[in-house]
Amino acid sequence: MTESEVVELREDERRPPPLREWLAPAIPGAPLIGWIGPIAVALFAAFLRFNRLGIPRAVVFDETYYAKDSLALLKFGWEHNTLKNADQILLAPGTNVRNPPIWTDGASFVAHPPAGKWLIAIGEWIFGATPFGWRFMAALCGSLSVLILARIARRMTGSTLLGCAAGLLLALDGLELVTSRAALLDIFVMFWILCAFGCLVVDRDRSRAKLAAAMAGAGAGAGGGGGSGFGPFLAHGWRFAAAGCLGLACATKWTGIYYVAAFGLLALAWDMGARRAAGVRNPYVGALVRELPLLVAGGVVIFVTYVASWWGWIFRPGGWGRGTVAHNPLVRPFEALPDLWKYNKQMWDFHTNLHAKHPYQSWPWDWPILRRPVAFYYTEPKNACGGATKCSKEILGIGTPAIWWAAVLALIVMLVVWLYRRDWRAGAILVGYGAGWLPWFWPAFGHRTMFLFYATPMLPFMMLALTMCLGLLIGPANDPGTRRLFGSAVAGAYMLLVIANFFYFYPVLAAKVITYDQWHHIVRFKGWI
């Protein structure tokens with residue numbers, strides 16, 4: 001190589017990358033491996049969730065509400081009152097699992113919108129009103145969440161290995177496992193929020209690529225927007241998909257509304273940053289002018305999705321608080337809206353006045369340290385564990401301590417990284433975690449009954465924080481020094497610790513029969529009993 005070629009090569013290294021590469025760099029690695037790894041991790045998660053899914057053959061914790069409400073949606077289109085002994089009838093041998101005789105007269109008031117119960121109903125429609133049937137969709141969504149998170153983490157870190165690590169962390173979390181194996185709503189809230197976040201991350205990459213192309217075509221001098229200095233208008237198909245997912249999250253539990261606000265502001269901040277980096281003359285005003293109409297349109301999508309989830313209540317007469325029902329089905333949605341507003345007002349009053357004491361309630365500051373988990377199910381079967389005089393069989397809704405306690409430190413690291421490096425990934429993780437945690441400190445909820453499993457939507461962001469820290473430990477791929485070797489060893493040791501910790505707790509996560517002494521050795525803290 002000549003001296004002039006060496007000088008030219010050094011100049012190329014110093015030259016800033018093209019705008020397209022700067023705004024939306026390509027994801028390294030083979031695309032096929034980028035799918036094979038996450039799918040393998042998701043299959044492992046699916047095995048953990050579907051194995052012995054019908055055990056225990058019992059109505060576990062709040063399944064007593066959601067399993068029957070979901071079955072009522074299939075039969076009536078709205079939640080229906082049931083007999084007092086409906087749980088025993090459902091579990092009795094010989095019961096007609098397609099049409100069990102559990103119904104009494106009248107509609108039932110419910111505290112949550114119907115979208116999550118419609119998902120539970122899919123499993124009951126396929127497999128009948130059995131424990132496996134009403135838990136099927138929770139297990140499916142819990143398994144798919146692992147795949148989605150692994151793909152999101154791969155996109156955010158540019159590493160298939162780290163993507164698989166994020167998916168494995170979620171697969172090995174005790175709370176995610178328990179909520180994936182019970183007919184409760186929180187796993188569906190997490191699923192739709194994770195889908196929405198994934199759509200926004202994809203939209204960020206694609207919109208930045210479109211912005212770079214538009215700026216290159218229009219020229220930075222024109223601001224990429226016809227001389228306005230606002231930058232170009234960009235289509236956002238993925239953002240509307242995110243809005244639909246957020247609508248489904250809100251239609252499962254109202255806690256989804258916190259993510260509507262958080263993700264809306266996050267998308268706007270991302271667009272402002274992209275326009276500024278692209279050289280748009282008025283990036284902040286430009287983002288407001290170009291993006292606010294899209295955010296409003298996204299809000300319309302969320303609202304329509306929420307209302308549509310009530311379709312059975314709207315179109316089928318007889319639901320709670322449903323007034324006059326027109327003979328013309330096309331008129332029913334318009335006459336139903338005032339009644340739906342009143343119904344939702346009743347739901348709001350219920351939630352804001354829910355102050356009943358519960359032995360497993362906890363407060364949001366307790367959640368990160370797992371101070372008070374929830375016993376979903378506990379029994380002491382006789383003569384079921386060899387020669388032991390006393391046996392235990394439990395489902396304890398608790399996170400894997402090696403994950404949760406380390407996540408506290410990882411989130412602090414993310415705060416430092418965001419403050420000093422302005423890393424968008426750290427900021428997004430903090431926003432996602434904060435939207436699921438901080439609203440519970442709102443004074444209006446000061447005395448409301450709360451449980452640890454309300455933290456389920458925060459789980460993916462805890463795993464992303466841990467994954468980012470693992471990436472920081474390992475270091476960049478082009479670092480051949482001992483630091484990378486040492487960091488890889490520490491990261492690997494941590495993952496082994498997580499695996500060991502998960503399987504140590506597994507008997508009390510999946511209702512395995514163990515001796516009472518073994519149970520007490522696992523559930524060793526007073527707050528865990």
# chains A, B, ... in the order shown; residues from 1 in each chain; ligands from 1
$ residues_around --residues "Phe109 of chain A" --least-positions-apart "6" --cutoff "9 Å" --atoms "only C-alpha atoms" --output "list of chain:residue names"
A:Glu79, A:His80, A:Asn81, A:Gly319, A:Trp320, A:Gly321, A:Tyr343, A:Met347
$ write_last_selection --atoms "N, CA, C and O atoms" --output "PDB file, in the first residue's frame"
ATOM      1  N   GLU A  79     -70.444 -10.524  30.664  1.00  0.00           N
ATOM      2  CA  GLU A  79     -70.215 -11.288  31.885  1.00  0.00           C
ATOM      3  C   GLU A  79     -71.543 -11.559  32.595  1.00  0.00           C
ATOM      4  O   GLU A  79     -72.371 -10.657  32.759  1.00  0.00           O
ATOM      5  N   HIS A  80     -71.716 -12.797  33.022  1.00  0.00           N
ATOM      6  CA  HIS A  80     -72.994 -13.266  33.563  1.00  0.00           C
ATOM      7  C   HIS A  80     -72.802 -13.771  34.992  1.00  0.00           C
ATOM      8  O   HIS A  80     -71.737 -14.277  35.344  1.00  0.00           O
ATOM      9  N   ASN A  81     -73.835 -13.631  35.811  1.00  0.00           N
ATOM     10  CA  ASN A  81     -73.787 -14.168  37.174  1.00  0.00           C
ATOM     11  C   ASN A  81     -73.683 -15.689  37.144  1.00  0.00           C
ATOM     12  O   ASN A  81     -74.218 -16.348  36.243  1.00  0.00           O
ATOM     13  N   GLY A 319     -76.451  -7.059  28.952  1.00  0.00           N
ATOM     14  CA  GLY A 319     -75.265  -6.791  29.740  1.00  0.00           C
ATOM     15  C   GLY A 319     -75.524  -5.807  30.868  1.00  0.00           C
ATOM     16  O   GLY A 319     -76.525  -5.084  30.884  1.00  0.00           O
ATOM     17  N   TRP A 320     -74.597  -5.787  31.828  1.00  0.00           N
ATOM     18  CA  TRP A 320     -74.727  -4.910  32.992  1.00  0.00           C
ATOM     19  C   TRP A 320     -74.826  -3.444  32.556  1.00  0.00           C
ATOM     20  O   TRP A 320     -73.989  -2.937  31.822  1.00  0.00           O
ATOM     21  N   GLY A 321     -75.881  -2.759  33.012  1.00  0.00           N
ATOM     22  CA  GLY A 321     -76.036  -1.350  32.721  1.00  0.00           C
ATOM     23  C   GLY A 321     -76.425  -1.031  31.294  1.00  0.00           C
ATOM     24  O   GLY A 321     -76.498   0.144  30.923  1.00  0.00           O
ATOM     25  N   TYR A 343     -70.969   2.814  32.673  1.00  0.00           N
ATOM     26  CA  TYR A 343     -70.383   1.563  33.158  1.00  0.00           C
ATOM     27  C   TYR A 343     -68.919   1.775  33.527  1.00  0.00           C
ATOM     28  O   TYR A 343     -68.454   1.362  34.598  1.00  0.00           O
ATOM     29  N   MET A 347     -66.761   1.436  37.069  1.00  0.00           N
ATOM     30  CA  MET A 347     -65.498   0.721  37.214  1.00  0.00           C
ATOM     31  C   MET A 347     -64.455   1.611  37.868  1.00  0.00           C
ATOM     32  O   MET A 347     -63.678   1.165  38.732  1.00  0.00           O
TER      33      MET A 347
END
$ closest_atom_pairs --of "segment 329-406 of chain A" --to "segment 159-175 of chain A" --cutoff "9 Å" --atoms "only C-alpha atoms" --output "tab-separated table"
residue	atom	partner	partner_atom	distance
A:Leu396	CA	A:Leu175	CA	8.4
A:Gly397	CA	A:Leu175	CA	5.4
A:Ile398	CA	A:Leu175	CA	5.0
A:Gly399	CA	A:Gly174	CA	4.4
A:Thr400	CA	A:Gly174	CA	5.0
A:Pro401	CA	A:Asp173	CA	8.6
A:Ile403	CA	A:Asp173	CA	7.1
A:Trp404	CA	A:Asp173	CA	8.6
$ write_last_selection --atoms "N, CA, C and O atoms" --output "JSON list (two decimals), in the first residue's frame"
[["chain", "number", "residue", "atom", "x", "y", "z"],
["A", 396, "LEU", "N", -46.52, -19.94, 44.13],
["A", 396, "LEU", "CA", -46.16, -18.66, 44.75],
["A", 396, "LEU", "C", -45.80, -17.66, 43.67],
["A", 396, "LEU", "O", -44.86, -17.88, 42.90],
["A", 397, "GLY", "N", -46.55, -16.59, 43.60],
["A", 397, "GLY", "CA", -46.29, -15.55, 42.59],
["A", 397, "GLY", "C", -45.13, -14.68, 43.02],
["A", 397, "GLY", "O", -45.33, -13.59, 43.57],
["A", 398, "ILE", "N", -43.92, -15.13, 42.73],
["A", 398, "ILE", "CA", -42.72, -14.41, 43.13],
["A", 398, "ILE", "C", -41.75, -14.38, 41.96],
["A", 398, "ILE", "O", -41.63, -15.35, 41.20],
["A", 399, "GLY", "N", -41.05, -13.28, 41.79],
["A", 399, "GLY", "CA", -40.02, -13.20, 40.77],
["A", 399, "GLY", "C", -38.78, -13.95, 41.18],
["A", 399, "GLY", "O", -38.57, -14.23, 42.37],
["A", 400, "THR", "N", -37.94, -14.27, 40.22],
["A", 400, "THR", "CA", -36.66, -14.92, 40.52],
["A", 400, "THR", "C", -35.75, -13.90, 41.20],
["A", 400, "THR", "O", -35.40, -12.88, 40.60],
["A", 401, "PRO", "N", -35.37, -14.10, 42.46],
["A", 401, "PRO", "CA", -34.60, -13.08, 43.18],
["A", 401, "PRO", "C", -33.31, -12.67, 42.47],
["A", 401, "PRO", "O", -32.94, -11.48, 42.48],
["A", 403, "ILE", "N", -32.81, -12.28, 39.49],
["A", 403, "ILE", "CA", -33.16, -11.32, 38.43],
["A", 403, "ILE", "C", -33.62, -10.01, 39.04],
["A", 403, "ILE", "O", -33.13, -8.93, 38.69],
["A", 404, "TRP", "N", -34.56, -10.08, 39.95],
["A", 404, "TRP", "CA", -35.18, -8.86, 40.48],
["A", 404, "TRP", "C", -34.19, -8.01, 41.28],
["A", 404, "TRP", "O", -34.16, -6.78, 41.11]]
$ residues_around --residues "segment 510-523 of chain A" --least-positions-apart "2" --cutoff "6 Å" --atoms "only C-alpha atoms" --output "list in words"
Lys390, Cys391, Ser392, Lys393, Glu394, Ile395, Pro507, Val508, Phe525 and Trp528 of chain A
$ residues_around --residues "Leu464 of chain A" --least-positions-apart "2" --cutoff "8 Å" --atoms "only C-alpha atoms" --output "ChimeraX atom specification"
/A:153,166,429,460-462,466-468
$ closest_residue --among "A:Arg98, A:Arg154, A:Lys253, A:Lys84" --to "Gly29 of chain A" --atoms "only C-alpha atoms"
A:Arg154
$ residues_around --residues "Val300 of chain A" --least-positions-apart "4" --cutoff "10 Å" --atoms "only C-alpha atoms" --output "NGL selection string"
:A and (240 or 243-244 or 247 or 294-296 or 304-306)
$ decode --residues "segment 36-60 of chain A" --atoms "C-alpha atoms" --output "short mmCIF file (atom, residue, chain, number, x, y, z; two decimals), in the first residue's frame"
data_model
loop_
_atom_site.label_atom_id
_atom_site.label_comp_id
_atom_site.auth_asym_id
_atom_site.auth_seq_id
_atom_site.Cartn_x
_atom_site.Cartn_y
_atom_site.Cartn_z
CA ILE A 36 -33.12 -19.27 15.20
CA GLY A 37 -31.65 -18.21 18.55
CA PRO A 38 -34.73 -16.34 19.84
CA ILE A 39 -37.08 -19.08 18.60
CA ALA A 40 -35.04 -21.71 20.45
CA VAL A 41 -35.25 -19.68 23.67
CA ALA A 42 -39.00 -19.18 23.15
CA LEU A 43 -39.51 -22.94 22.68
CA PHE A 44 -37.70 -23.55 25.96
CA ALA A 45 -39.99 -20.99 27.61
CA ALA A 46 -43.04 -22.66 26.04
CA PHE A 47 -42.01 -26.02 27.49
CA LEU A 48 -41.79 -24.52 30.98
CA ARG A 49 -45.20 -22.90 30.59
CA PHE A 50 -47.18 -25.67 28.91
CA ASN A 51 -45.68 -28.59 30.82
CA ARG A 52 -48.25 -29.66 33.46
CA LEU A 53 -50.35 -26.61 32.60
CA GLY A 54 -53.54 -28.32 33.79
CA ILE A 55 -52.01 -28.87 37.23
CA PRO A 56 -53.31 -28.09 39.73
CA ARG A 57 -56.79 -29.15 38.74
CA ALA A 58 -58.25 -26.32 40.73
CA VAL A 59 -59.43 -22.74 40.40
CA VAL A 60 -56.31 -20.76 41.26
#
